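Participant: Below you will find the structure I want to go over with you.
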Amino acid sequence: MGSKGPGLISQGVALAFDIANGRDPLSKLVPPCLLLLDAALCALVIWKIPYTEIDWKAYMEQVAQVVNGEYDYTKIKGGTGPLVYPAAHVYTYTALYYLTDDGKDILLAQQLFAGLYMATLSLVMICYWRAKVPPYVFPMLVLSKRLHSVFLLRCFNDCFAAFFLWLAIFLFQRRDWTAASIAYAWGLGIKMSLLLVLPAVGIVLFLGRGFWGALKCARIMGYIQLVIALPFLQENAKGYLSKAFELTRAFFFEWTVNWRFVGEETFLSRPFSLSLLTMHALVLIGFIVNKWLKPARKPLSAIIMPMLQLSSPFSPQEEHRVASRVTPEYVMTTILSANVIGLLFARTLHYQFYSYLAWSTPYLLWRSGVHPIIQYALWNLQEWAWNVFPSTSISSSVVVGVLATTVGLIAFQKDRTANPAPQPTRERKDS
């Protein structure tokens, strides 16, 4: 009798490890179970924790002016200042304006954002599963206090931008190139934060769709930005472009989550801003050359020279082989690493930017190959730092430190030999 106990315990431990690592049929139950638990948690958060007003009222005030016929961006203002987001933000929050009784029904708005959170989380989990991420990583997707706060208690527009980013990743994984381009373009039209992943999106399209196909998708994204902005461009084109894509925006030291430890004088200085921009560009180039273009299996010069002459660097046969290497894992790694690189060198980060980071870090830490204990340790450090309010020199240094560690781990991670992506019965060449 005594010998059966340890045997059952060891079998139970072995089963748990098999489930956690995706080696048991029960592994597929982990994501839906976590989804159900998180749905209950969302309901509890809305019920028990008071809503915090930050930007919602200003969004509604700005939308109300558009609804009443004002299309000059320089004249559209709310309690927190002028409208500084592209046109898709206006259309998205106009829908919410009507759904929530001109923005007055906050509880309904929170419930809608809970639905948005669950929809985004579902997409994230599907993307992770398609990238063959083991179940032990998935709890990190549902345990973030800050992420629930951003979605359920703040109703920031970053939540919609994050949703469309993950929708684009999902569609890229499925090789629905046009649909993915449309989803990405709409997300970019909500908030220009998605510009951080534009280099990676371009490379995914270039390798997966081919030179001319990528140009077609780029044209579609450009057309979408033009069409949704048309009413505002007709009223005051300069005003729209200067506000919706304001690259010279002033940043306030009091709200920074990432650079408080450098001090206000350094934070506001132009040399600091230029050094961040320079390092961002250099790291991006390093990843493009040494990581993201590897599926092409050509030297950089053999890729760039034909493109400068407006011709494809690949023959039709090469194009097909290269496209087969654009796997779901490649899509995730490329786009999420571009995202984290951009956040590392961002001029400033506010708490709502966690909506772009929270679901990126677990995948990249797993992809780097470090031990699960290190993965969870770094994730916990990141979660702690983003929950310190207001930020301190210590918390901000941890924010930057975890971002830098994540980028470094991915940079030095040995690329796994990717199996060719399974080709659909009918390759989506026109999609």
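Please note that chains go A, B, ... in the order of the structure tokens, that every chain numbers its residues from 1, and that ligands are numbered from 1 in the order shown.
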With stretch 18-25 of chain A as the partner and 7 Å as the cut-off, tabulate the residues of stretch 115-156 of chain A that qualify, each row holding the nearest pair of atoms and their distance in Å to one decimal, using only C-alpha atoms, sorted by chain and rising number, as CSV.
Facilitator:
residue,atom,partner,partner_atom,distance
A:Pro134,CA,A:Asn21,CA,4.9
A:Pro135,CA,A:Ala20,CA,5.0
A:Tyr136,CA,A:Ala20,CA,4.6
Participant: A:Trp255: which residues within 9 Å, counting only C-alpha atoms, same-chain residues fewer than 5 positions away excluded, as a list in words?
Facilitator: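 My list of contacting residues is Arg260, Thr348, Leu349, His350, Tyr351, Pro390 and Ser391 of chain A.
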Participant: As a PyMOL selection string, list the residues of stretch 131-191 of chain A assigned to alpha helix (DSSP H) by DSSP on the backbone atoms of this structure.
Facilitator: chain A and resi 145-148+158-173+177-190
Participant: So how far away is atom CA of A:Lys104 from atom CA of A:Tyr59, in Å?
Facilitator: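 That distance, rounded to one decimal, is 11.8 Å.
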Participant: Taking only C-alpha atoms into account, name the residue in A:Leu276, A:Ser27, A:Thr406, A:Leu188 that is nearest to A:Thr361.
Facilitator: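 Closest to A:Thr361 of all the choices is A:Thr406.
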Participant: List as a PDB file with C-alpha atoms, in the first residue's frame the protein and nucleic acid residues near A:Tyr356, meaning an atom at most 10 Å away when only C-alpha atoms are counted, but skip any in the same chain fewer than 5 places from it.
Facilitator:
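The result, written out as selection.pdb:
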ATOM      1  CA  LEU A 147      -4.050  45.189 -18.277  1.00  0.00           C
ATOM      2  CA  ASP A 158      -5.203  51.749 -27.037  1.00  0.00           C
ATOM      3  CA  CYS A 159      -7.481  48.790 -26.301  1.00  0.00           C
ATOM      4  CA  ALA A 161      -5.573  49.514 -31.372  1.00  0.00           C
ATOM      5  CA  ALA A 162      -4.279  46.410 -29.569  1.00  0.00           C
ATOM      6  CA  PHE A 163      -7.293  44.400 -30.751  1.00  0.00           C
ATOM      7  CA  LEU A 165      -2.938  44.569 -34.002  1.00  0.00           C
ATOM      8  CA  TRP A 166      -3.704  41.040 -32.812  1.00  0.00           C
ATOM      9  CA  SER A 193       1.414  53.669 -31.769  1.00  0.00           C
ATOM     10  CA  LEU A 194       1.055  50.844 -34.291  1.00  0.00           C
ATOM     11  CA  LEU A 336       6.184  41.288 -31.525  1.00  0.00           C
ATOM     12  CA  ASN A 339       6.797  46.105 -31.023  1.00  0.00           C
ATOM     13  CA  VAL A 340       9.027  45.565 -27.984  1.00  0.00           C
ATOM     14  CA  LEU A 343       8.595  50.368 -26.755  1.00  0.00           C
ATOM     15  CA  THR A 361       6.458  39.651 -23.419  1.00  0.00           C
TER      16      THR A 361
END
Participant: Do you have the atom CA of A:Val197-atom CA of A:Ala338 distance handy?
Facilitator: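 Going from atom CA of A:Val197 over to atom CA of A:Ala338, I get 5.2 Å.
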Participant: List every residue of stretch 47-250 of chain A that DSSP, applied to the backbone of this structure, places in strand (DSSP E), and write the result as a VMD selection string.
Facilitator: chain A and resid 77 to 78 81 to 82
Participant: Give me a file of those residues, with C-alpha atoms, as a PDB file, in the first residue's frame.
Facilitator:
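Output below, filename part-v2.pdb:
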ATOM      1  CA  LYS A  77     -11.126  69.804 -28.178  1.00  0.00           C
ATOM      2  CA  GLY A  78     -12.057  68.000 -24.972  1.00  0.00           C
ATOM      3  CA  GLY A  81      -6.959  69.000 -24.737  1.00  0.00           C
ATOM      4  CA  PRO A  82      -7.219  68.809 -28.535  1.00  0.00           C
TER       5      PRO A  82
END
Participant: Would you tabulate, counting only C-alpha atoms, all residues of stretch 11-85 of chain A that have an atom at most 12 Å from an atom of stretch 228-236 of chain A, showing the closest pair of atoms and their distance in Å to one decimal, sorted by chain then ascending number, as JSON lines?
Facilitator:
{"residue": "A:Val66", "atom": "CA", "partner": "A:Phe232", "partner_atom": "CA", "distance": 9.8}
{"residue": "A:Gly69", "atom": "CA", "partner": "A:Pro231", "partner_atom": "CA", "distance": 10.3}
{"residue": "A:Glu70", "atom": "CA", "partner": "A:Phe232", "partner_atom": "CA", "distance": 8.9}
{"residue": "A:Tyr71", "atom": "CA", "partner": "A:Phe232", "partner_atom": "CA", "distance": 5.1}
{"residue": "A:Asp72", "atom": "CA", "partner": "A:Asn236", "partner_atom": "CA", "distance": 5.6}
{"residue": "A:Tyr73", "atom": "CA", "partner": "A:Phe232", "partner_atom": "CA", "distance": 7.0}
{"residue": "A:Thr74", "atom": "CA", "partner": "A:Asn236", "partner_atom": "CA", "distance": 8.2}
{"residue": "A:Lys75", "atom": "CA", "partner": "A:Asn236", "partner_atom": "CA", "distance": 10.1}
{"residue": "A:Ile76", "atom": "CA", "partner": "A:Phe232", "partner_atom": "CA", "distance": 11.0}
{"residue": "A:Tyr85", "atom": "CA", "partner": "A:Ala229", "partner_atom": "CA", "distance": 11.1}
Participant: Write out the residues from the selection above, keeping all heavy atoms, as a compact mmCIF listing (two decimals), in the first residue's frame.
Facilitator:
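See selection18.txt below for the written result:
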# COMPACT_ATOMS: atom_id res chain seq x y z
N VAL A 66 -17.74 66.41 -33.50
CA VAL A 66 -17.75 65.86 -34.86
C VAL A 66 -19.18 65.52 -35.26
O VAL A 66 -19.61 65.81 -36.39
CB VAL A 66 -16.84 64.62 -34.95
CG1 VAL A 66 -16.93 64.00 -36.34
CG2 VAL A 66 -15.40 64.99 -34.61
N GLY A 69 -20.99 68.33 -36.56
CA GLY A 69 -20.58 68.91 -37.83
C GLY A 69 -19.22 69.57 -37.87
O GLY A 69 -18.86 70.16 -38.90
N GLU A 70 -18.43 69.48 -36.81
CA GLU A 70 -17.10 70.09 -36.81
C GLU A 70 -16.08 69.09 -37.33
O GLU A 70 -15.87 68.03 -36.76
CB GLU A 70 -16.72 70.53 -35.39
CG GLU A 70 -15.36 71.20 -35.30
CD GLU A 70 -15.27 72.44 -36.17
OE1 GLU A 70 -15.84 73.48 -35.78
OE2 GLU A 70 -14.63 72.34 -37.25
N TYR A 71 -15.39 69.42 -38.44
CA TYR A 71 -14.41 68.52 -39.04
C TYR A 71 -13.00 69.12 -39.08
O TYR A 71 -12.09 68.51 -39.63
CB TYR A 71 -14.84 68.13 -40.46
CG TYR A 71 -16.06 67.24 -40.49
CD1 TYR A 71 -17.32 67.76 -40.73
CD2 TYR A 71 -15.94 65.88 -40.25
CE1 TYR A 71 -18.44 66.96 -40.73
CE2 TYR A 71 -17.05 65.05 -40.26
CZ TYR A 71 -18.31 65.60 -40.49
OH TYR A 71 -19.41 64.78 -40.49
N ASP A 72 -12.84 70.29 -38.52
CA ASP A 72 -11.51 70.91 -38.44
C ASP A 72 -10.81 70.42 -37.18
O ASP A 72 -11.21 70.76 -36.07
CB ASP A 72 -11.66 72.44 -38.42
CG ASP A 72 -10.31 73.15 -38.48
OD1 ASP A 72 -9.28 72.51 -38.22
OD2 ASP A 72 -10.30 74.36 -38.80
N TYR A 73 -9.77 69.61 -37.35
CA TYR A 73 -9.09 69.01 -36.20
C TYR A 73 -8.53 70.04 -35.25
O TYR A 73 -8.37 69.76 -34.05
CB TYR A 73 -7.98 68.08 -36.69
CG TYR A 73 -8.29 66.60 -36.52
CD1 TYR A 73 -9.43 66.03 -37.11
CD2 TYR A 73 -7.47 65.77 -35.79
CE1 TYR A 73 -9.71 64.69 -36.96
CE2 TYR A 73 -7.73 64.42 -35.63
CZ TYR A 73 -8.86 63.88 -36.21
OH TYR A 73 -9.15 62.55 -36.04
N THR A 74 -8.18 71.20 -35.75
CA THR A 74 -7.58 72.21 -34.87
C THR A 74 -8.62 72.84 -33.94
O THR A 74 -8.25 73.51 -32.97
CB THR A 74 -6.92 73.32 -35.70
OG1 THR A 74 -7.91 73.98 -36.51
CG2 THR A 74 -5.84 72.75 -36.61
N LYS A 75 -9.90 72.59 -34.21
CA LYS A 75 -10.97 73.17 -33.39
C LYS A 75 -11.66 72.15 -32.50
O LYS A 75 -12.52 72.51 -31.69
CB LYS A 75 -12.01 73.85 -34.29
CG LYS A 75 -11.46 75.01 -35.09
CD LYS A 75 -12.53 75.62 -35.98
CE LYS A 75 -11.98 76.79 -36.80
NZ LYS A 75 -13.01 77.36 -37.72
N ILE A 76 -11.31 70.88 -32.66
CA ILE A 76 -11.96 69.81 -31.87
C ILE A 76 -11.17 69.60 -30.59
O ILE A 76 -10.01 69.19 -30.62
CB ILE A 76 -12.04 68.50 -32.68
CG1 ILE A 76 -12.80 68.72 -33.99
CG2 ILE A 76 -12.72 67.41 -31.86
CD1 ILE A 76 -12.77 67.53 -34.93
N TYR A 85 -5.74 62.05 -32.29
CA TYR A 85 -5.75 60.68 -32.82
C TYR A 85 -6.34 60.68 -34.23
O TYR A 85 -7.18 61.51 -34.55
CB TYR A 85 -6.57 59.76 -31.91
CG TYR A 85 -6.14 59.80 -30.47
CD1 TYR A 85 -6.99 60.30 -29.49
CD2 TYR A 85 -4.88 59.34 -30.09
CE1 TYR A 85 -6.59 60.34 -28.16
CE2 TYR A 85 -4.47 59.39 -28.76
CZ TYR A 85 -5.34 59.89 -27.80
OH TYR A 85 -4.94 59.94 -26.49
Participant: Using only C-alpha atoms, I'd like a table of the residues in stretch 345-396 of chain A that come within 12 Å of stretch 263-269 of chain A; for each, show the closest atom pair and its distance in Å rounded to one decimal, ordered by chain and ascending number, as JSON lines.
Facilitator:
{"residue": "A:Ala346", "atom": "CA", "partner": "A:Phe267", "partner_atom": "CA", "distance": 11.6}
{"residue": "A:Arg347", "atom": "CA", "partner": "A:Phe267", "partner_atom": "CA", "distance": 8.4}
{"residue": "A:Thr348", "atom": "CA", "partner": "A:Phe267", "partner_atom": "CA", "distance": 8.8}
{"residue": "A:Thr392", "atom": "CA", "partner": "A:Gly263", "partner_atom": "CA", "distance": 10.5}
{"residue": "A:Ser393", "atom": "CA", "partner": "A:Gly263", "partner_atom": "CA", "distance": 8.5}
{"residue": "A:Ser396", "atom": "CA", "partner": "A:Gly263", "partner_atom": "CA", "distance": 11.0}
Participant: I need the residue nearest A:Val257 from this list: A:Leu381, A:Val201, A:Ala237, A:Ile394. Use only C-alpha atoms for the distance.
Facilitator: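 Under the stated criterion, the closest residue is A:Ile394.
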Participant: Could you pull the residues within 7 Å of stretch 208-216 of chain A, counting only C-alpha atoms, minus those fewer than 2 positions along the same chain, as a list of chain:residue names?
Facilitator: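 Final neighbour list, sorted by chain and number: A:Val204, A:Leu205, A:Phe206, A:Ala218, A:Arg219, A:Ile220, A:Ser312, A:Glu319, A:Ala323, A:Val326.
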